[in-house]
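A.B. asks: I am attaching a structure below and will ask some questions about it afterwards.
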Amino acid sequence: MELLSPAGAPEALIAAINNGADAVYLGLDDLNARRGAANFDLASLAEATRFAHLRGGRVYLTANVVVLQAEMEPALRMVESAWAAGVDAVIVQDLGLMRAIRLALPEVRIHASTQIDAMNPDSIVALSVAGASRVTLARELSLEAIAACAATGVEIETFVHGALCYCYSGQCLMSSLIGRRSANRGLCAQPCRLTYDLIDRGGTAVTAPGRYLLSPKDLAGIEHLPGLVAAGVGALKIEGRMKAPEYVAIVTGVYRAALDRAVADPESFEVLPAEREMLEEAFNRGFTDGYLTGKRGVDLMSYTRPNNRGVLIGRVAEAGPGRAGVQLERALDSADTLELWTRIGRFAQQAGTLTVGGSSVSVAPAGTTVNIVVEEPVAVGDRVFRVANATLLQAARRTFSGASAIDHRATTVDFEVRVRVGETLLIAAVARGVRVQVEGPEVAVARTKAISADEIVEHVGRLGGSGYRAGAWRIDLDANAGLGFSELHSLRRSALEQLDSAGLQRWAGRQRVEVTVPAVGGCSVKSSEPLVVATAWSLQVAEACLAAGADRALLRVFGPPDTDAASVLPDGVSPLLPRVMWPAEVPGYDAWLEQASPTCGNLGSLKRASARGDAGADWPLNALNPHTAAALGDFGATFLWASPELSGRQLAELCAASVLPIGCVVWGRLELMISEQCVLQVAGACSRACDTCERRRSWWRLRDGKGYEFPVTTDRSGRSHIMNSVTLDLTRALDEVVAAGVGAVRLDFADESPERAADVVGAVRSTLTAVAGGARPPDEPLVKPATSGHFYRGVL
């Protein structure tokens, strides 16, 4: 099982490899999901791959964002140059980029990103057929679901430690639509870490244990390592490309030791107390085992704060002006950084001068009362947390800084040295299963003092800064042989250079090549007046839309039909299947797939639906370029709803080049988040009976710090759906939408009544007819406030 660590910068890469990572993942400056990290350029990437490969490590390039049409050629050039620089695989989100790499650069190994949201065997197999050698699963899966995915035989990767998003990865539009910073483009502003109030149907804010209602704790799956091994996972991934190298060093080292024990003896595996402490000290928002056990209650969440809470080291026992006596539960170093939680807030400071029993100390032991100078007033009983452990951080730095950067994970080399009079000097070096030998001048009889075996070991064994450490020695020495030390030094250097070359031979033959973007054929079907399609959460709304002039309605379905699916759906209504389908849930949707032209937001359901007939690909599949349209066509889609992250110009480019007819959403509260955790649980005790839960019978609201309210509900599977606070309304731009060449426009209804939905459908229908006849669209939106989304601005 591979241990895969983050490398947001060169120092973090060294920290990861030196502390036992089998592989690292990193990004270049563009087209990766952590554009805010320091990242790498091509020169530092080449150095990074050399460093890792010489120590048995692998390097994966992240190209894990959606790609615009104009970026496809630069993206392929980036992948080609990174491959030539020695990366071992490329992590890809965009299905079009994956298809283009497979066709243009077939030798490149592809890993499907967690941003694709693969969560069931059908999706795994489809991605494998599309060219992925490994699939990174959605973070929300349980051990049972992970095992079902691994049973496909496709190599599986899953996260084991680090930050959790509230929303399924690749499905979040909150940062994108609020501030144009798209999570699918590596620029998430983390609105889930802000404060919100949950507003009930009566308009009252519910009493909650905190206000960070969308902020999960950090995943710590260390206790479940034996279960992950048994599930058949091929790689365990640590999150944290935005974290410091010290964090990477600490967490990687802990998981390296724990994973080795779990693999060697899973039945007796236990997490050591020291390992727990180091993980807590490195960074934590509170820890959870995430969704690995299948639980998704309030214990998953960090409602009181969204950032590092450190570790509790004690409470204020005495307080005075500018001073505090802290009763310590853990030892405290004067260089530690503290955070003191008072009755009116929190503040951080360095521990500074420590006094115990009237004496100044550099370290105060646990169980003592230590006096410190405080920068703000405190009171007896206030809690004191350590958010930076100076000793632990210094120890971590020693693994990746200074001379340790090269030699901390040095490769063992065995030496054979022959010093025989009348024969050439010979040094052979053996490392990584490779033997090299170099020869020097003929050895003569010593004129004065003969060379000794100890001197040979001393001078050949001077390996500092080489990345090697001496192992076994075999010395064949004549007692009267004379030799200059410089000759030993020179041959040692040559031998190690040859070992390096042999260790890098696997990647040495890669050459730069010219990249041509694969062609995709355009769609010949165009329409002067697009179809009007409405989506609804209830059959009553769907039927009202059809009666008002919609050509088709899509009914959101969750779980198997209560009765025969054909009797549930009247003519003109097709099922809109959810984007989230765990392995055990997939068969329950087969009855819906038998209905006319289902629309699917999940790769697995799209593959199953297309085997039965026409199937639409929903916008959560993130199609922003014609290559993704072609990829979804390969999966069996016959119609495609474009990503709402496209601008009008980009939409027109997609329509012109796509092999599939394209539709776009022009009205409605776009769904910003879907979460495995039910946000309504914060309102009180949960019975876990989602199908009959009274709370989800109507829409609630999440109110942010600026007063905007986001409609939220939970489906019968217990998953939260958070809609935008402002309605998308492109009725004023319908002439541009029609000119873009779309085959259908879509109206997404959420909490609207059947009457309101019918009014909107009628207005859009009449506007489309007028525009087709040459009239201008209206100057005013159908609703206020309204947003045009990304239609005029696009994403960054």
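In the structure tokens, chains take the letters A, B, ... in the order shown, each chain's residues start at 1, and ligands count up from 1 in the order shown.
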Tell me which protein, DNA and RNA residues are within 12 Å of region 547-552 of chain A, counting only C-alpha atoms, leaving out same-chain ones fewer than 6 positions away, and put them as a PDB file with N, CA and C atoms, in the first residue's frame.
C.D. replies:
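After the write, part.pdb holds the following:
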ATOM      1  N   GLU A 529     -35.033  27.803 -32.055  1.00  0.00           N
ATOM      2  CA  GLU A 529     -35.737  28.042 -30.806  1.00  0.00           C
ATOM      3  C   GLU A 529     -35.531  26.827 -29.906  1.00  0.00           C
ATOM      4  N   PRO A 530     -34.700  26.964 -28.869  1.00  0.00           N
ATOM      5  CA  PRO A 530     -34.385  25.817 -28.013  1.00  0.00           C
ATOM      6  C   PRO A 530     -35.612  25.285 -27.291  1.00  0.00           C
ATOM      7  N   LEU A 531     -35.523  24.025 -26.892  1.00  0.00           N
ATOM      8  CA  LEU A 531     -36.556  23.440 -26.046  1.00  0.00           C
ATOM      9  C   LEU A 531     -36.509  24.096 -24.670  1.00  0.00           C
ATOM     10  N   VAL A 532     -37.642  24.110 -24.007  1.00  0.00           N
ATOM     11  CA  VAL A 532     -37.723  24.592 -22.627  1.00  0.00           C
ATOM     12  C   VAL A 532     -37.877  23.378 -21.720  1.00  0.00           C
ATOM     13  N   VAL A 533     -36.915  23.208 -20.831  1.00  0.00           N
ATOM     14  CA  VAL A 533     -36.896  22.070 -19.911  1.00  0.00           C
ATOM     15  C   VAL A 533     -36.917  22.608 -18.485  1.00  0.00           C
ATOM     16  N   ALA A 534     -37.754  22.033 -17.640  1.00  0.00           N
ATOM     17  CA  ALA A 534     -37.846  22.447 -16.239  1.00  0.00           C
ATOM     18  C   ALA A 534     -37.448  21.290 -15.338  1.00  0.00           C
ATOM     19  N   THR A 535     -36.735  21.589 -14.274  1.00  0.00           N
ATOM     20  CA  THR A 535     -36.449  20.563 -13.267  1.00  0.00           C
ATOM     21  C   THR A 535     -37.241  20.887 -12.007  1.00  0.00           C
ATOM     22  N   ALA A 536     -37.659  19.835 -11.302  1.00  0.00           N
ATOM     23  CA  ALA A 536     -38.540  20.031 -10.158  1.00  0.00           C
ATOM     24  C   ALA A 536     -38.214  19.023  -9.066  1.00  0.00           C
ATOM     25  N   GLN A 540     -45.851  17.720  -8.626  1.00  0.00           N
ATOM     26  CA  GLN A 540     -46.821  18.790  -8.828  1.00  0.00           C
ATOM     27  C   GLN A 540     -46.193  19.953  -9.597  1.00  0.00           C
ATOM     28  N   VAL A 541     -44.972  20.316  -9.239  1.00  0.00           N
ATOM     29  CA  VAL A 541     -44.282  21.396  -9.954  1.00  0.00           C
ATOM     30  C   VAL A 541     -43.972  20.967 -11.379  1.00  0.00           C
ATOM     31  N   LEU A 569     -44.281   8.540 -13.400  1.00  0.00           N
ATOM     32  CA  LEU A 569     -43.905   9.605 -14.320  1.00  0.00           C
ATOM     33  C   LEU A 569     -44.907   9.710 -15.471  1.00  0.00           C
ATOM     34  N   PRO A 570     -45.630  10.817 -15.558  1.00  0.00           N
ATOM     35  CA  PRO A 570     -46.537  11.013 -16.704  1.00  0.00           C
ATOM     36  C   PRO A 570     -45.738  11.344 -17.961  1.00  0.00           C
ATOM     37  N   ASP A 571     -46.425  11.391 -19.083  1.00  0.00           N
ATOM     38  CA  ASP A 571     -45.771  11.750 -20.338  1.00  0.00           C
ATOM     39  C   ASP A 571     -45.112  13.123 -20.219  1.00  0.00           C
ATOM     40  N   GLY A 572     -43.914  13.236 -20.753  1.00  0.00           N
ATOM     41  CA  GLY A 572     -43.198  14.503 -20.727  1.00  0.00           C
ATOM     42  C   GLY A 572     -42.302  14.677 -19.525  1.00  0.00           C
ATOM     43  N   VAL A 573     -42.387  13.759 -18.555  1.00  0.00           N
ATOM     44  CA  VAL A 573     -41.546  13.850 -17.353  1.00  0.00           C
ATOM     45  C   VAL A 573     -40.544  12.703 -17.362  1.00  0.00           C
ATOM     46  N   SER A 574     -39.277  13.043 -17.212  1.00  0.00           N
ATOM     47  CA  SER A 574     -38.202  12.057 -17.148  1.00  0.00           C
ATOM     48  C   SER A 574     -37.474  12.192 -15.807  1.00  0.00           C
ATOM     49  N   PRO A 575     -36.823  11.129 -15.359  1.00  0.00           N
ATOM     50  CA  PRO A 575     -36.120  11.211 -14.080  1.00  0.00           C
ATOM     51  C   PRO A 575     -34.800  11.972 -14.197  1.00  0.00           C
ATOM     52  N   LEU A 576     -34.518  12.795 -13.194  1.00  0.00           N
ATOM     53  CA  LEU A 576     -33.219  13.446 -13.038  1.00  0.00           C
ATOM     54  C   LEU A 576     -32.536  12.749 -11.873  1.00  0.00           C
ATOM     55  N   ALA A 596     -37.938   6.959 -20.121  1.00  0.00           N
ATOM     56  CA  ALA A 596     -37.456   7.666 -21.309  1.00  0.00           C
ATOM     57  C   ALA A 596     -36.431   8.727 -20.943  1.00  0.00           C
ATOM     58  N   SER A 597     -35.280   8.658 -21.555  1.00  0.00           N
ATOM     59  CA  SER A 597     -34.239   9.686 -21.518  1.00  0.00           C
ATOM     60  C   SER A 597     -33.941  10.216 -20.117  1.00  0.00           C
ATOM     61  N   PRO A 598     -33.471   9.365 -19.204  1.00  0.00           N
ATOM     62  CA  PRO A 598     -33.072   9.884 -17.896  1.00  0.00           C
ATOM     63  C   PRO A 598     -31.870  10.812 -18.031  1.00  0.00           C
ATOM     64  N   THR A 599     -31.749  11.737 -17.091  1.00  0.00           N
ATOM     65  CA  THR A 599     -30.591  12.641 -17.045  1.00  0.00           C
ATOM     66  C   THR A 599     -29.775  12.282 -15.808  1.00  0.00           C
ATOM     67  N   GLY A 743     -29.379  23.740 -27.587  1.00  0.00           N
ATOM     68  CA  GLY A 743     -30.548  22.985 -28.015  1.00  0.00           C
ATOM     69  C   GLY A 743     -31.681  23.033 -27.014  1.00  0.00           C
ATOM     70  N   ALA A 744     -31.370  23.482 -25.785  1.00  0.00           N
ATOM     71  CA  ALA A 744     -32.404  23.550 -24.753  1.00  0.00           C
ATOM     72  C   ALA A 744     -31.978  24.541 -23.687  1.00  0.00           C
ATOM     73  N   VAL A 745     -32.965  25.206 -23.108  1.00  0.00           N
ATOM     74  CA  VAL A 745     -32.716  26.049 -21.936  1.00  0.00           C
ATOM     75  C   VAL A 745     -33.439  25.397 -20.760  1.00  0.00           C
ATOM     76  N   ARG A 746     -32.873  25.570 -19.598  1.00  0.00           N
ATOM     77  CA  ARG A 746     -33.372  24.840 -18.441  1.00  0.00           C
ATOM     78  C   ARG A 746     -33.720  25.795 -17.309  1.00  0.00           C
ATOM     79  N   LEU A 747     -34.823  25.510 -16.660  1.00  0.00           N
ATOM     80  CA  LEU A 747     -35.283  26.275 -15.513  1.00  0.00           C
ATOM     81  C   LEU A 747     -35.248  25.339 -14.304  1.00  0.00           C
ATOM     82  N   PRO A 754     -45.983  25.435  -7.409  1.00  0.00           N
ATOM     83  CA  PRO A 754     -46.371  25.108  -8.791  1.00  0.00           C
ATOM     84  C   PRO A 754     -46.830  26.337  -9.561  1.00  0.00           C
ATOM     85  N   GLU A 755     -47.543  27.253  -8.903  1.00  0.00           N
ATOM     86  CA  GLU A 755     -48.047  28.445  -9.587  1.00  0.00           C
ATOM     87  C   GLU A 755     -46.891  29.345 -10.018  1.00  0.00           C
ATOM     88  N   ARG A 756     -45.934  29.541  -9.107  1.00  0.00           N
ATOM     89  CA  ARG A 756     -44.794  30.395  -9.449  1.00  0.00           C
ATOM     90  C   ARG A 756     -43.978  29.767 -10.574  1.00  0.00           C
ATOM     91  N   ALA A 757     -43.775  28.444 -10.513  1.00  0.00           N
ATOM     92  CA  ALA A 757     -43.023  27.774 -11.568  1.00  0.00           C
ATOM     93  C   ALA A 757     -43.720  27.919 -12.915  1.00  0.00           C
ATOM     94  N   ALA A 758     -45.021  27.801 -12.922  1.00  0.00           N
ATOM     95  CA  ALA A 758     -45.771  27.939 -14.169  1.00  0.00           C
ATOM     96  C   ALA A 758     -45.622  29.346 -14.739  1.00  0.00           C
ATOM     97  N   ASP A 759     -45.662  30.348 -13.899  1.00  0.00           N
ATOM     98  CA  ASP A 759     -45.500  31.731 -14.358  1.00  0.00           C
ATOM     99  C   ASP A 759     -44.139  31.913 -15.028  1.00  0.00           C
ATOM    100  N   VAL A 760     -43.087  31.359 -14.432  1.00  0.00           N
ATOM    101  CA  VAL A 760     -41.734  31.512 -14.990  1.00  0.00           C
ATOM    102  C   VAL A 760     -41.634  30.785 -16.324  1.00  0.00           C
ATOM    103  N   VAL A 761     -42.172  29.571 -16.391  1.00  0.00           N
ATOM    104  CA  VAL A 761     -42.128  28.820 -17.648  1.00  0.00           C
ATOM    105  C   VAL A 761     -42.837  29.598 -18.748  1.00  0.00           C
ATOM    106  N   GLY A 762     -44.001  30.141 -18.444  1.00  0.00           N
ATOM    107  CA  GLY A 762     -44.744  30.902 -19.452  1.00  0.00           C
ATOM    108  C   GLY A 762     -43.974  32.112 -19.932  1.00  0.00           C
ATOM    109  N   ALA A 763     -43.328  32.823 -19.003  1.00  0.00           N
ATOM    110  CA  ALA A 763     -42.566  34.017 -19.380  1.00  0.00           C
ATOM    111  C   ALA A 763     -41.376  33.657 -20.248  1.00  0.00           C
ATOM    112  N   VAL A 764     -40.676  32.580 -19.909  1.00  0.00           N
ATOM    113  CA  VAL A 764     -39.509  32.170 -20.693  1.00  0.00           C
ATOM    114  C   VAL A 764     -39.953  31.668 -22.063  1.00  0.00           C
ATOM    115  N   ARG A 765     -41.029  30.910 -22.101  1.00  0.00           N
ATOM    116  CA  ARG A 765     -41.540  30.399 -23.378  1.00  0.00           C
ATOM    117  C   ARG A 765     -41.883  31.546 -24.335  1.00  0.00           C
ATOM    118  N   SER A 766     -42.584  32.542 -23.827  1.00  0.00           N
ATOM    119  CA  SER A 766     -42.984  33.657 -24.686  1.00  0.00           C
ATOM    120  C   SER A 766     -41.779  34.492 -25.096  1.00  0.00           C
ATOM    121  N   LEU A 768     -38.697  33.391 -25.515  1.00  0.00           N
ATOM    122  CA  LEU A 768     -37.961  32.641 -26.538  1.00  0.00           C
ATOM    123  C   LEU A 768     -38.628  32.771 -27.898  1.00  0.00           C
ATOM    124  N   THR A 769     -39.940  32.705 -27.927  1.00  0.00           N
ATOM    125  CA  THR A 769     -40.662  32.844 -29.194  1.00  0.00           C
ATOM    126  C   THR A 769     -40.451  34.233 -29.787  1.00  0.00           C
TER     127      THR A 769
END
A.B. asks: Can you list every residue of region 15-74 of chain A that has an atom at most 12 Å from region 649-654 of chain A, with its nearest atom pair and the distance in Å to one decimal, using only C-alpha atoms, ordered by chain then number, as a tab-separated table?
C.D. replies:
residue	atom	partner	partner_atom	distance
A:Val67	CA	A:Gln650	CA	11.5
A:Leu68	CA	A:Gln650	CA	8.0
A:Gln69	CA	A:Leu654	CA	7.6
A:Ala70	CA	A:Gln650	CA	9.1
A:Glu71	CA	A:Gln650	CA	11.7
A.B. asks: If you keep C-alpha atoms, can you produce a file of those selected residues as a short mmCIF file (atom, residue, chain, number, x, y, z; two decimals), in the first residue's frame?
C.D. replies:
data_model
loop_
_atom_site.label_atom_id
_atom_site.label_comp_id
_atom_site.auth_asym_id
_atom_site.auth_seq_id
_atom_site.Cartn_x
_atom_site.Cartn_y
_atom_site.Cartn_z
CA VAL A 67 -10.17 23.06 -18.29
CA LEU A 68 -11.55 25.70 -20.62
CA GLN A 69 -11.43 25.14 -24.35
CA ALA A 70 -8.66 27.72 -24.87
CA GLU A 71 -6.58 26.00 -22.19
#
A.B. asks: I'd like the contact shell of Asp88 (chain A) - 12 Å cut-off, only C-alpha atoms, skipping same-chain residues fewer than 4 positions apart - returned as number ranges by chain.
C.D. replies: A: 22-26, 45-46, 48-50, 52-53, 56-62, 79-80, 82-84, 107-111, 133, 506-507, 510
A.B. asks: Could those selected residues go to a file with N, CA and C atoms, as an mmCIF file, in the first residue's frame?
C.D. replies:
data_model
loop_
_atom_site.group_PDB
_atom_site.id
_atom_site.type_symbol
_atom_site.label_atom_id
_atom_site.label_comp_id
_atom_site.auth_asym_id
_atom_site.auth_seq_id
_atom_site.Cartn_x
_atom_site.Cartn_y
_atom_site.Cartn_z
ATOM 1 N N ASP A 22 5.895 7.164 0.127
ATOM 2 C CA ASP A 22 6.230 6.408 -1.085
ATOM 3 C C ASP A 22 6.088 7.274 -2.322
ATOM 4 N N ALA A 23 5.230 8.284 -2.233
ATOM 5 C CA ALA A 23 4.979 9.159 -3.377
ATOM 6 C C ALA A 23 4.495 10.506 -2.867
ATOM 7 N N VAL A 24 4.609 11.515 -3.711
ATOM 8 C CA VAL A 24 4.111 12.849 -3.392
ATOM 9 C C VAL A 24 3.277 13.338 -4.564
ATOM 10 N N TYR A 25 2.364 14.247 -4.270
ATOM 11 C CA TYR A 25 1.615 14.900 -5.333
ATOM 12 C C TYR A 25 1.838 16.403 -5.234
ATOM 13 N N LEU A 26 2.010 17.035 -6.388
ATOM 14 C CA LEU A 26 2.381 18.445 -6.440
ATOM 15 C C LEU A 26 1.805 19.087 -7.686
ATOM 16 N N LEU A 45 10.602 21.187 -10.654
ATOM 17 C CA LEU A 45 9.954 19.894 -10.818
ATOM 18 C C LEU A 45 10.974 18.823 -11.201
ATOM 19 N N ALA A 46 11.866 19.153 -12.120
ATOM 20 C CA ALA A 46 12.902 18.193 -12.525
ATOM 21 C C ALA A 46 13.795 17.829 -11.340
ATOM 22 N N ALA A 48 12.864 17.946 -8.239
ATOM 23 C CA ALA A 48 12.029 17.185 -7.313
ATOM 24 C C ALA A 48 11.927 15.719 -7.726
ATOM 25 N N THR A 49 11.722 15.470 -9.014
ATOM 26 C CA THR A 49 11.614 14.081 -9.461
ATOM 27 C C THR A 49 12.935 13.351 -9.265
ATOM 28 N N ARG A 50 14.046 14.020 -9.516
ATOM 29 C CA ARG A 50 15.361 13.400 -9.297
ATOM 30 C C ARG A 50 15.526 13.031 -7.815
ATOM 31 N N ALA A 52 13.257 12.529 -5.493
ATOM 32 C CA ALA A 52 12.358 11.453 -5.079
ATOM 33 C C ALA A 52 12.772 10.111 -5.665
ATOM 34 N N HIS A 53 13.095 10.088 -6.941
ATOM 35 C CA HIS A 53 13.417 8.821 -7.595
ATOM 36 C C HIS A 53 14.674 8.183 -7.009
ATOM 37 N N GLY A 56 13.689 6.217 -4.046
ATOM 38 C CA GLY A 56 12.624 5.230 -4.217
ATOM 39 C C GLY A 56 11.227 5.795 -4.224
ATOM 40 N N GLY A 57 11.097 7.107 -4.318
ATOM 41 C CA GLY A 57 9.787 7.741 -4.299
ATOM 42 C C GLY A 57 9.257 8.020 -5.694
ATOM 43 N N ARG A 58 7.969 8.337 -5.753
ATOM 44 C CA ARG A 58 7.310 8.688 -7.007
ATOM 45 C C ARG A 58 6.705 10.078 -6.891
ATOM 46 N N VAL A 59 6.506 10.715 -8.035
ATOM 47 C CA VAL A 59 5.998 12.083 -8.077
ATOM 48 C C VAL A 59 4.811 12.143 -9.025
ATOM 49 N N TYR A 60 3.692 12.671 -8.528
ATOM 50 C CA TYR A 60 2.489 12.793 -9.338
ATOM 51 C C TYR A 60 2.152 14.272 -9.531
ATOM 52 N N LEU A 61 1.909 14.644 -10.755
ATOM 53 C CA LEU A 61 1.530 16.020 -11.091
ATOM 54 C C LEU A 61 0.025 16.178 -10.979
ATOM 55 N N THR A 62 -0.415 17.228 -10.305
ATOM 56 C CA THR A 62 -1.844 17.512 -10.227
ATOM 57 C C THR A 62 -2.254 18.426 -11.384
ATOM 58 N N VAL A 79 1.390 18.853 -19.387
ATOM 59 C CA VAL A 79 1.508 17.431 -19.062
ATOM 60 C C VAL A 79 2.701 16.821 -19.769
ATOM 61 N N GLU A 80 2.890 17.163 -21.041
ATOM 62 C CA GLU A 80 4.009 16.611 -21.808
ATOM 63 C C GLU A 80 5.345 17.013 -21.199
ATOM 64 N N ALA A 82 5.946 17.978 -18.111
ATOM 65 C CA ALA A 82 6.102 17.359 -16.792
ATOM 66 C C ALA A 82 6.486 15.887 -16.926
ATOM 67 N N TRP A 83 5.895 15.216 -17.903
ATOM 68 C CA TRP A 83 6.252 13.816 -18.137
ATOM 69 C C TRP A 83 7.715 13.709 -18.540
ATOM 70 N N ALA A 84 8.155 14.606 -19.399
ATOM 71 C CA ALA A 84 9.566 14.605 -19.793
ATOM 72 C C ALA A 84 10.470 14.910 -18.609
ATOM 73 N N GLU A 107 1.465 7.329 -23.515
ATOM 74 C CA GLU A 107 2.409 6.750 -22.567
ATOM 75 C C GLU A 107 2.252 7.316 -21.156
ATOM 76 N N VAL A 108 1.514 8.410 -21.004
ATOM 77 C CA VAL A 108 1.364 9.066 -19.702
ATOM 78 C C VAL A 108 0.374 8.286 -18.840
ATOM 79 N N ARG A 109 0.781 8.005 -17.617
ATOM 80 C CA ARG A 109 -0.093 7.322 -16.658
ATOM 81 C C ARG A 109 -1.043 8.348 -16.049
ATOM 82 N N ILE A 110 -2.334 8.019 -16.036
ATOM 83 C CA ILE A 110 -3.363 8.940 -15.562
ATOM 84 C C ILE A 110 -3.983 8.409 -14.277
ATOM 85 N N HIS A 111 -4.129 9.293 -13.292
ATOM 86 C CA HIS A 111 -4.898 8.998 -12.086
ATOM 87 C C HIS A 111 -6.134 9.896 -12.084
ATOM 88 N N SER A 133 -5.440 4.775 -14.776
ATOM 89 C CA SER A 133 -4.800 3.612 -14.161
ATOM 90 C C SER A 133 -5.142 3.507 -12.683
ATOM 91 N N ARG A 506 15.338 4.629 -15.630
ATOM 92 C CA ARG A 506 13.956 4.391 -16.057
ATOM 93 C C ARG A 506 13.328 5.621 -16.677
ATOM 94 N N TRP A 507 13.727 6.798 -16.239
ATOM 95 C CA TRP A 507 13.137 8.046 -16.730
ATOM 96 C C TRP A 507 14.028 8.778 -17.735
ATOM 97 N N ARG A 510 13.077 9.563 -21.658
ATOM 98 C CA ARG A 510 11.936 10.377 -22.069
ATOM 99 C C ARG A 510 12.397 11.604 -22.840
#
A.B. asks: Excluding same-chain residues fewer than 5 positions from region 348-351 of chain A, what lies within 8 Å of it counting only C-alpha atoms, as a ChimeraX atom specification?
C.D. replies: /A:333-340,372-375
A.B. asks: Please identify which residues in region 25-209 of chain A DSSP calls strand (DSSP E) from the backbone, and express them as a PyMOL selection string.
C.D. replies: chain A and resi 25-26+58-63+89-92+110-112+132-136+155-162+196-199
A.B. asks: At a cut-off of 8 Å, using only C-alpha atoms, what residues contact region 170-187 of chain A? Leave out same-chain residues fewer than 3 positions from it and give the result as a PyMOL selection string.
C.D. replies: chain A and resi 31-36+65-66+114-117+167+190-191+620+645+671-674+724+789-790+794-796
A.B. asks: Convert the current residue selection to file output with N, CA and C atoms, as a short mmCIF file (atom, residue, chain, number, x, y, z; two decimals), in the first residue's frame.
C.D. replies:
data_model
loop_
_atom_site.label_atom_id
_atom_site.label_comp_id
_atom_site.auth_asym_id
_atom_site.auth_seq_id
_atom_site.Cartn_x
_atom_site.Cartn_y
_atom_site.Cartn_z
N LEU A 31 -3.36 25.42 -13.49
CA LEU A 31 -4.16 24.22 -13.72
C LEU A 31 -3.95 23.16 -12.65
N ASN A 32 -4.03 23.58 -11.39
CA ASN A 32 -4.06 22.60 -10.31
C ASN A 32 -4.96 23.13 -9.21
N ALA A 33 -5.47 22.24 -8.38
CA ALA A 33 -6.51 22.58 -7.42
C ALA A 33 -6.01 23.34 -6.20
N ARG A 34 -4.72 23.65 -6.15
CA ARG A 34 -4.18 24.46 -5.07
C ARG A 34 -3.30 25.56 -5.67
N ARG A 35 -3.96 26.46 -6.41
CA ARG A 35 -3.20 27.52 -7.07
C ARG A 35 -2.63 28.51 -6.06
N GLY A 36 -3.12 28.47 -4.81
CA GLY A 36 -2.60 29.34 -3.77
C GLY A 36 -1.35 28.82 -3.10
N VAL A 65 -8.14 20.17 -12.20
CA VAL A 65 -9.12 21.24 -12.32
C VAL A 65 -9.87 21.05 -13.64
N VAL A 66 -10.98 21.78 -13.77
CA VAL A 66 -11.67 21.78 -15.06
C VAL A 66 -10.91 22.71 -16.01
N THR A 114 -10.02 12.86 -7.14
CA THR A 114 -11.22 12.81 -6.29
C THR A 114 -12.24 13.86 -6.73
N GLN A 115 -11.79 14.88 -7.48
CA GLN A 115 -12.71 15.91 -7.98
C GLN A 115 -13.73 15.34 -8.97
N ILE A 116 -13.45 14.16 -9.52
CA ILE A 116 -14.41 13.51 -10.42
C ILE A 116 -15.55 12.89 -9.63
N ASP A 117 -15.31 12.67 -8.33
CA ASP A 117 -16.36 12.13 -7.46
C ASP A 117 -16.74 10.70 -7.80
N CYS A 167 -18.87 19.93 1.17
CA CYS A 167 -19.50 19.47 -0.07
C CYS A 167 -18.66 18.36 -0.71
N GLN A 190 -13.15 29.04 0.50
CA GLN A 190 -13.59 28.34 1.70
C GLN A 190 -14.75 29.02 2.43
N PRO A 191 -15.84 29.30 1.73
CA PRO A 191 -17.01 29.85 2.42
C PRO A 191 -17.59 28.89 3.44
N PRO A 620 -23.44 18.67 -13.25
CA PRO A 620 -22.43 18.32 -12.26
C PRO A 620 -21.28 17.48 -12.79
N GLU A 645 -20.50 27.28 -14.92
CA GLU A 645 -19.30 28.10 -14.73
C GLU A 645 -18.80 28.71 -16.04
N GLU A 671 -27.82 24.87 -7.45
CA GLU A 671 -27.38 24.11 -6.29
C GLU A 671 -25.89 24.34 -6.07
N LEU A 672 -25.56 24.87 -4.91
CA LEU A 672 -24.17 25.22 -4.61
C LEU A 672 -23.41 24.08 -3.97
N MET A 673 -24.09 23.29 -3.16
CA MET A 673 -23.42 22.22 -2.42
C MET A 673 -24.34 21.01 -2.30
N ILE A 674 -23.73 19.84 -2.32
CA ILE A 674 -24.39 18.63 -1.87
C ILE A 674 -23.45 17.98 -0.87
N ASN A 724 -28.37 28.47 -4.11
CA ASN A 724 -27.87 29.83 -4.08
C ASN A 724 -28.89 30.77 -3.44
N GLY A 789 -24.98 35.09 -12.92
CA GLY A 789 -23.99 34.03 -12.72
C GLY A 789 -22.68 34.36 -13.40
N HIS A 790 -22.16 33.39 -14.14
CA HIS A 790 -20.88 33.58 -14.83
C HIS A 790 -21.07 33.95 -16.30
N GLY A 794 -17.48 34.72 -16.50
CA GLY A 794 -16.70 33.49 -16.47
C GLY A 794 -15.99 33.30 -15.14
N VAL A 795 -15.25 32.22 -15.02
CA VAL A 795 -14.50 31.94 -13.80
C VAL A 795 -13.04 32.32 -14.01
N LEU A 796 -12.35 32.50 -12.90
CA LEU A 796 -10.93 32.83 -12.97
C LEU A 796 -10.10 31.59 -13.25
#
A.B. asks: Residues near Ala104 (chain A), anyone? I mean within 7 Å using only C-alpha atoms, not counting same-chain ones fewer than 5 positions away, as a PyMOL selection string.
C.D. replies: chain A and resi 515-518
A.B. asks: Which residue is closest to Asn284 (chain A)? Choose from A:Asn39, A:Ser610, A:Ser268, A:Asn307 and count only C-alpha atoms.
C.D. replies: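 Comparing A:Asn39, A:Ser610, A:Ser268, A:Asn307 against Asn284 (chain A), the winner is A:Asn307.
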